[in-house]
Amino acid sequence: MSEYHNPVLLDESIGRLVTNTSGNYADATFGGGSHSAEILRRLGAEGRLMAFDRDADAAANAPSDPRFIFVHNNFRFIHNYTLQYFPEGLDGILADLGVSSHQFDTAERGFSFRFSAPLDMRMNVQGDMTAADIVGSYTQKELEKILYVYGEVENADKVAGLIVAARQQKAILTTDDLHDAIAAALPSFAEHKYLAKVYQALRIEVNQEMRSLEKFLEGASVSLRKGGRLVVITYHSLEDRMVKNYFRSGNIEGNIEKDAFGRSLAPLKPLGSKPVLPSEEEISSNTRARSAKLRVAEKL
C-alpha cells in the first residue's frame with residue numbers, strides 16, 4: 001500500500017475518526033488503502049467500513065475483509081451508498097483530498113509535469129474530458145478563470161493567451177506541448193512551483209473536484225449519525241476554505257443561517273478552531289505532507 005500512496009496525518013486522522021469500534025465508517029478517498037487499513041485495524045468484529053474511489057487502479061488495493069465494502073464511484077454520491085449499505089447512518093467519514101502518489105508517479109496518466117506524457121489527468125479513465133480537451137477548446141477567458149481560481153496562477157491572463165496562440169499552430173496534446181506553449185510565462189527561479197499551479201488548475205477542472213467536494217460535504221453531513229465525525233485532509237487553500245466554511249456554516253460560502261431563536265442551522269460543529277498540521281518529522285519524510293491541513297467536525 002505504501003508503494004501506491006504514502007498516507008498523510010495517518011494517526012492524527014484515524015485517532016479522531018474512530019470513536020466507536022463497533023460503528024459504521026466510510027473512507028471517501030480510498031487510494032492505496034492505507035487509511036482504510038488503519039480504520040479496519042481499530043475496528044472490532046462488528047465494525048464496518050465502506051470505501052470510495054473512482055480510479056479503477058485503486059480497486060486492486062481492496063482488502064479481503066468481510067467488514068469492508070469497496071465502491072467504485074465518486075465520493076459525491078456518498079449519501080446514496082450510505083442509504084444502501086448503512087441506512088442507520090455512519091459514525092465517521094474520512095476524506096483525504098490529495099492526489100495519490102500512484103497517480104502522480106504513473107507517467108501516462110499525465111498528472112505530473114515531471115514526465116513526457118499525454119495531457120490526460122482523469123482520475124476516472126472512463127471520464128469524457130481530458131486536460132488536452134480543456135486547453136484545446138476552452139476560450140481564453142475560461143482558461144484564465146480556471147487558472148486564476150483553481151491554481152492561483154500569477155499572470156493567468158498571459159498563460160491563457162499563450163495557450164490559445166499555441167493551439168492555433170498545433171494541437172496541445174502532451175505535457176511537452178503544454179510546457180512549450182507557456183514557456184514564456186515560466187519564471188526561471190520557480191518554474192516547478194509555477195507549473196504545479198497550472199497542473200493543479202487543469203486537474204481540478206478535468207475532475208470537477210470543487211463541485212464534487214461541495215456535493216460530498218452535503219452528502220456526508222446527512223449521512224452521519226448524531227455525534228458522528230467528519231475528518232477531512234486538504235492540500236490547497238481553495239478546498240480548505242470550502243471545508244472550513246462548510247464546517248462552521250453548512251454551506252461553502254460561509255453564510256451562517258439561523259432559526260427564529262437565533263440558533264445556527266449548520267449541521268456540523270467544528271472540533272478545534274485551527275487545523276491539525278503535520279509534524280516537521282512527517283514533512284521531512286514525506287514532502288507531499290507539507291501543505292496538508294486536517295479539520296474535524298461533529299454532527300449535531
# chains A, B, ... in the order shown; residues from 1 in each chain; ligands from 1
$ select_by_dssp --residues "stretch 59-153 of chain A" --states "strand (DSSP E or B)" --output "list in words"
Phe68, Ile69, Phe70, Val71, Leu90, Asp91, Gly92, Ile93, Leu94, Ala95, Asp96 and Pro118 of chain A
$ residues_around --residues "A:Ile69" --least-positions-apart "4" --cutoff "7 Å" --atoms "only C-alpha atoms" --output "PyMOL selection string"
chain A and resi 49-51
$ residues_around --residues "A:Ala183" --least-positions-apart "4" --cutoff "12 Å" --atoms "only C-alpha atoms" --output "list of chain:residue names"
A:Lys158, A:Val159, A:Leu162, A:Ile163, A:Ala166, A:Thr175, A:Asp176, A:Asp177, A:Leu178, A:His179, A:Pro187, A:Ser188, A:Glu191, A:His192, A:Tyr194, A:Leu195
$ write_last_selection --atoms "N, CA, C and O atoms" --output "mmCIF file, in the first residue's frame"
data_model
loop_
_atom_site.group_PDB
_atom_site.id
_atom_site.type_symbol
_atom_site.label_atom_id
_atom_site.label_comp_id
_atom_site.auth_asym_id
_atom_site.auth_seq_id
_atom_site.Cartn_x
_atom_site.Cartn_y
_atom_site.Cartn_z
ATOM 1 N N LYS A 158 -1.929 35.962 -19.110
ATOM 2 C CA LYS A 158 -0.831 35.742 -20.054
ATOM 3 C C LYS A 158 -0.727 34.268 -20.432
ATOM 4 O O LYS A 158 -0.569 33.920 -21.610
ATOM 5 N N VAL A 159 -0.838 33.378 -19.432
ATOM 6 C CA VAL A 159 -0.756 31.937 -19.693
ATOM 7 C C VAL A 159 -1.892 31.504 -20.616
ATOM 8 O O VAL A 159 -1.685 30.746 -21.568
ATOM 9 N N LEU A 162 -1.157 32.568 -24.128
ATOM 10 C CA LEU A 162 -0.121 31.746 -24.751
ATOM 11 C C LEU A 162 -0.686 30.401 -25.207
ATOM 12 O O LEU A 162 -0.323 29.890 -26.280
ATOM 13 N N ILE A 163 -1.563 29.823 -24.405
ATOM 14 C CA ILE A 163 -2.173 28.542 -24.770
ATOM 15 C C ILE A 163 -3.013 28.688 -26.042
ATOM 16 O O ILE A 163 -2.920 27.878 -26.976
ATOM 17 N N ALA A 166 -0.737 29.173 -29.053
ATOM 18 C CA ALA A 166 -0.010 27.957 -29.417
ATOM 19 C C ALA A 166 -0.907 26.942 -30.102
ATOM 20 O O ALA A 166 -0.484 26.280 -31.066
ATOM 21 N N THR A 175 2.209 16.775 -22.261
ATOM 22 C CA THR A 175 2.807 17.664 -21.266
ATOM 23 C C THR A 175 3.904 18.516 -21.903
ATOM 24 O O THR A 175 4.042 19.701 -21.581
ATOM 25 N N ASP A 176 4.668 17.930 -22.809
ATOM 26 C CA ASP A 176 5.711 18.702 -23.501
ATOM 27 C C ASP A 176 5.104 19.828 -24.338
ATOM 28 O O ASP A 176 5.644 20.945 -24.375
ATOM 29 N N ASP A 177 3.990 19.539 -25.006
ATOM 30 C CA ASP A 177 3.313 20.573 -25.802
ATOM 31 C C ASP A 177 2.892 21.738 -24.915
ATOM 32 O O ASP A 177 3.031 22.912 -25.290
ATOM 33 N N LEU A 178 2.373 21.420 -23.726
ATOM 34 C CA LEU A 178 1.924 22.471 -22.814
ATOM 35 C C LEU A 178 3.102 23.292 -22.313
ATOM 36 O O LEU A 178 3.030 24.531 -22.252
ATOM 37 N N HIS A 179 4.185 22.623 -21.957
ATOM 38 C CA HIS A 179 5.369 23.339 -21.481
ATOM 39 C C HIS A 179 5.889 24.292 -22.547
ATOM 40 O O HIS A 179 6.228 25.449 -22.253
ATOM 41 N N PRO A 187 8.612 31.466 -14.721
ATOM 42 C CA PRO A 187 9.717 32.173 -14.068
ATOM 43 C C PRO A 187 10.913 31.236 -13.878
ATOM 44 O O PRO A 187 10.757 30.110 -13.416
ATOM 45 N N SER A 188 12.090 31.682 -14.232
ATOM 46 C CA SER A 188 13.270 30.827 -14.167
ATOM 47 C C SER A 188 13.621 30.429 -12.740
ATOM 48 O O SER A 188 14.189 29.364 -12.510
ATOM 49 N N GLU A 191 10.218 27.706 -11.621
ATOM 50 C CA GLU A 191 9.485 27.079 -12.724
ATOM 51 C C GLU A 191 8.620 25.926 -12.246
ATOM 52 O O GLU A 191 7.444 25.811 -12.640
ATOM 53 N N HIS A 192 9.151 25.052 -11.413
ATOM 54 C CA HIS A 192 8.391 23.881 -10.960
ATOM 55 C C HIS A 192 7.177 24.287 -10.129
ATOM 56 O O HIS A 192 6.091 23.704 -10.267
ATOM 57 N N TYR A 194 5.531 27.050 -10.333
ATOM 58 C CA TYR A 194 4.569 27.668 -11.242
ATOM 59 C C TYR A 194 3.818 26.601 -12.034
ATOM 60 O O TYR A 194 2.591 26.643 -12.163
ATOM 61 N N LEU A 195 4.568 25.628 -12.559
ATOM 62 C CA LEU A 195 3.926 24.540 -13.299
ATOM 63 C C LEU A 195 2.963 23.755 -12.424
ATOM 64 O O LEU A 195 1.902 23.323 -12.885
#
$ select_by_dssp --residues "stretch 18-116 of chain A" --states "helix (DSSP H, G or I)" --output "PyMOL selection string"
chain A and resi 34-42+56-61+75-85+101-105+107-109
$ residues_around --residues "stretch 26-43 of chain A" --least-positions-apart "3" --cutoff "7 Å" --atoms "only C-alpha atoms" --output "list in words"
Met1, Tyr4, His5, Pro7, Leu10, Ile14, Thr21, Ser22, Gly47, Leu49, Met50, Ala51, Phe52, Asp53, Ala58, Asn61, Ala62, Phe75, Gly92, Ile93, Leu94, Ala95, Asp96 and Ser100 of chain A
$ atom_distance --atom1 "atom CA of A:Asn155" --atom2 "atom CA of A:Thr174"
22.2 Å
$ closest_atom_pairs --of "stretch 172-239 of chain A" --to "stretch 276-293 of chain A" --cutoff "7 Å" --atoms "only C-alpha atoms" --output "JSON lines"
{"residue": "A:Ile233", "atom": "CA", "partner": "A:Lys293", "partner_atom": "CA", "distance": 5.5}
{"residue": "A:Thr234", "atom": "CA", "partner": "A:Lys293", "partner_atom": "CA", "distance": 5.3}
{"residue": "A:Tyr235", "atom": "CA", "partner": "A:Ala292", "partner_atom": "CA", "distance": 4.7}
{"residue": "A:His236", "atom": "CA", "partner": "A:Ser291", "partner_atom": "CA", "distance": 6.8}
$ closest_residue --among "A:Gly228, A:Glu154, A:Gly161, A:Met242" --to "A:Ala190" --atoms "only C-alpha atoms"
A:Glu154
$ residues_around --residues "A:Lys274" --least-positions-apart "5" --cutoff "10 Å" --atoms "only C-alpha atoms" --output "PyMOL selection string"
chain A and resi 244+293-296
$ residues_around --residues "A:Lys269" --least-positions-apart "4" --cutoff "8 Å" --atoms "only C-alpha atoms" --output "compact mmCIF listing (two decimals) with N, CA, C and O atoms, in the first residue's frame"
# COMPACT_ATOMS: atom_id res chain seq x y z
N PHE A 247 -17.97 23.51 7.55
CA PHE A 247 -17.99 23.05 8.94
C PHE A 247 -18.65 24.08 9.87
O PHE A 247 -19.37 23.71 10.79
N ARG A 248 -18.41 25.35 9.61
CA ARG A 248 -18.92 26.37 10.53
C ARG A 248 -20.32 26.87 10.16
O ARG A 248 -21.03 27.39 11.02
N ALA A 297 -15.08 17.80 12.26
CA ALA A 297 -16.35 18.34 12.71
C ALA A 297 -17.24 17.20 13.18
O ALA A 297 -17.08 16.04 12.77
N GLU A 298 -18.18 17.52 14.04
CA GLU A 298 -19.09 16.53 14.62
C GLU A 298 -20.53 16.86 14.27
O GLU A 298 -20.93 18.02 14.28
N LYS A 299 -21.31 15.83 13.97
CA LYS A 299 -22.71 16.01 13.60
C LYS A 299 -23.53 16.40 14.82
O LYS A 299 -23.44 15.77 15.87
N LEU A 300 -24.30 17.46 14.67
CA LEU A 300 -25.15 17.94 15.77
C LEU A 300 -26.47 17.17 15.80
O LEU A 300 -26.89 16.59 14.79
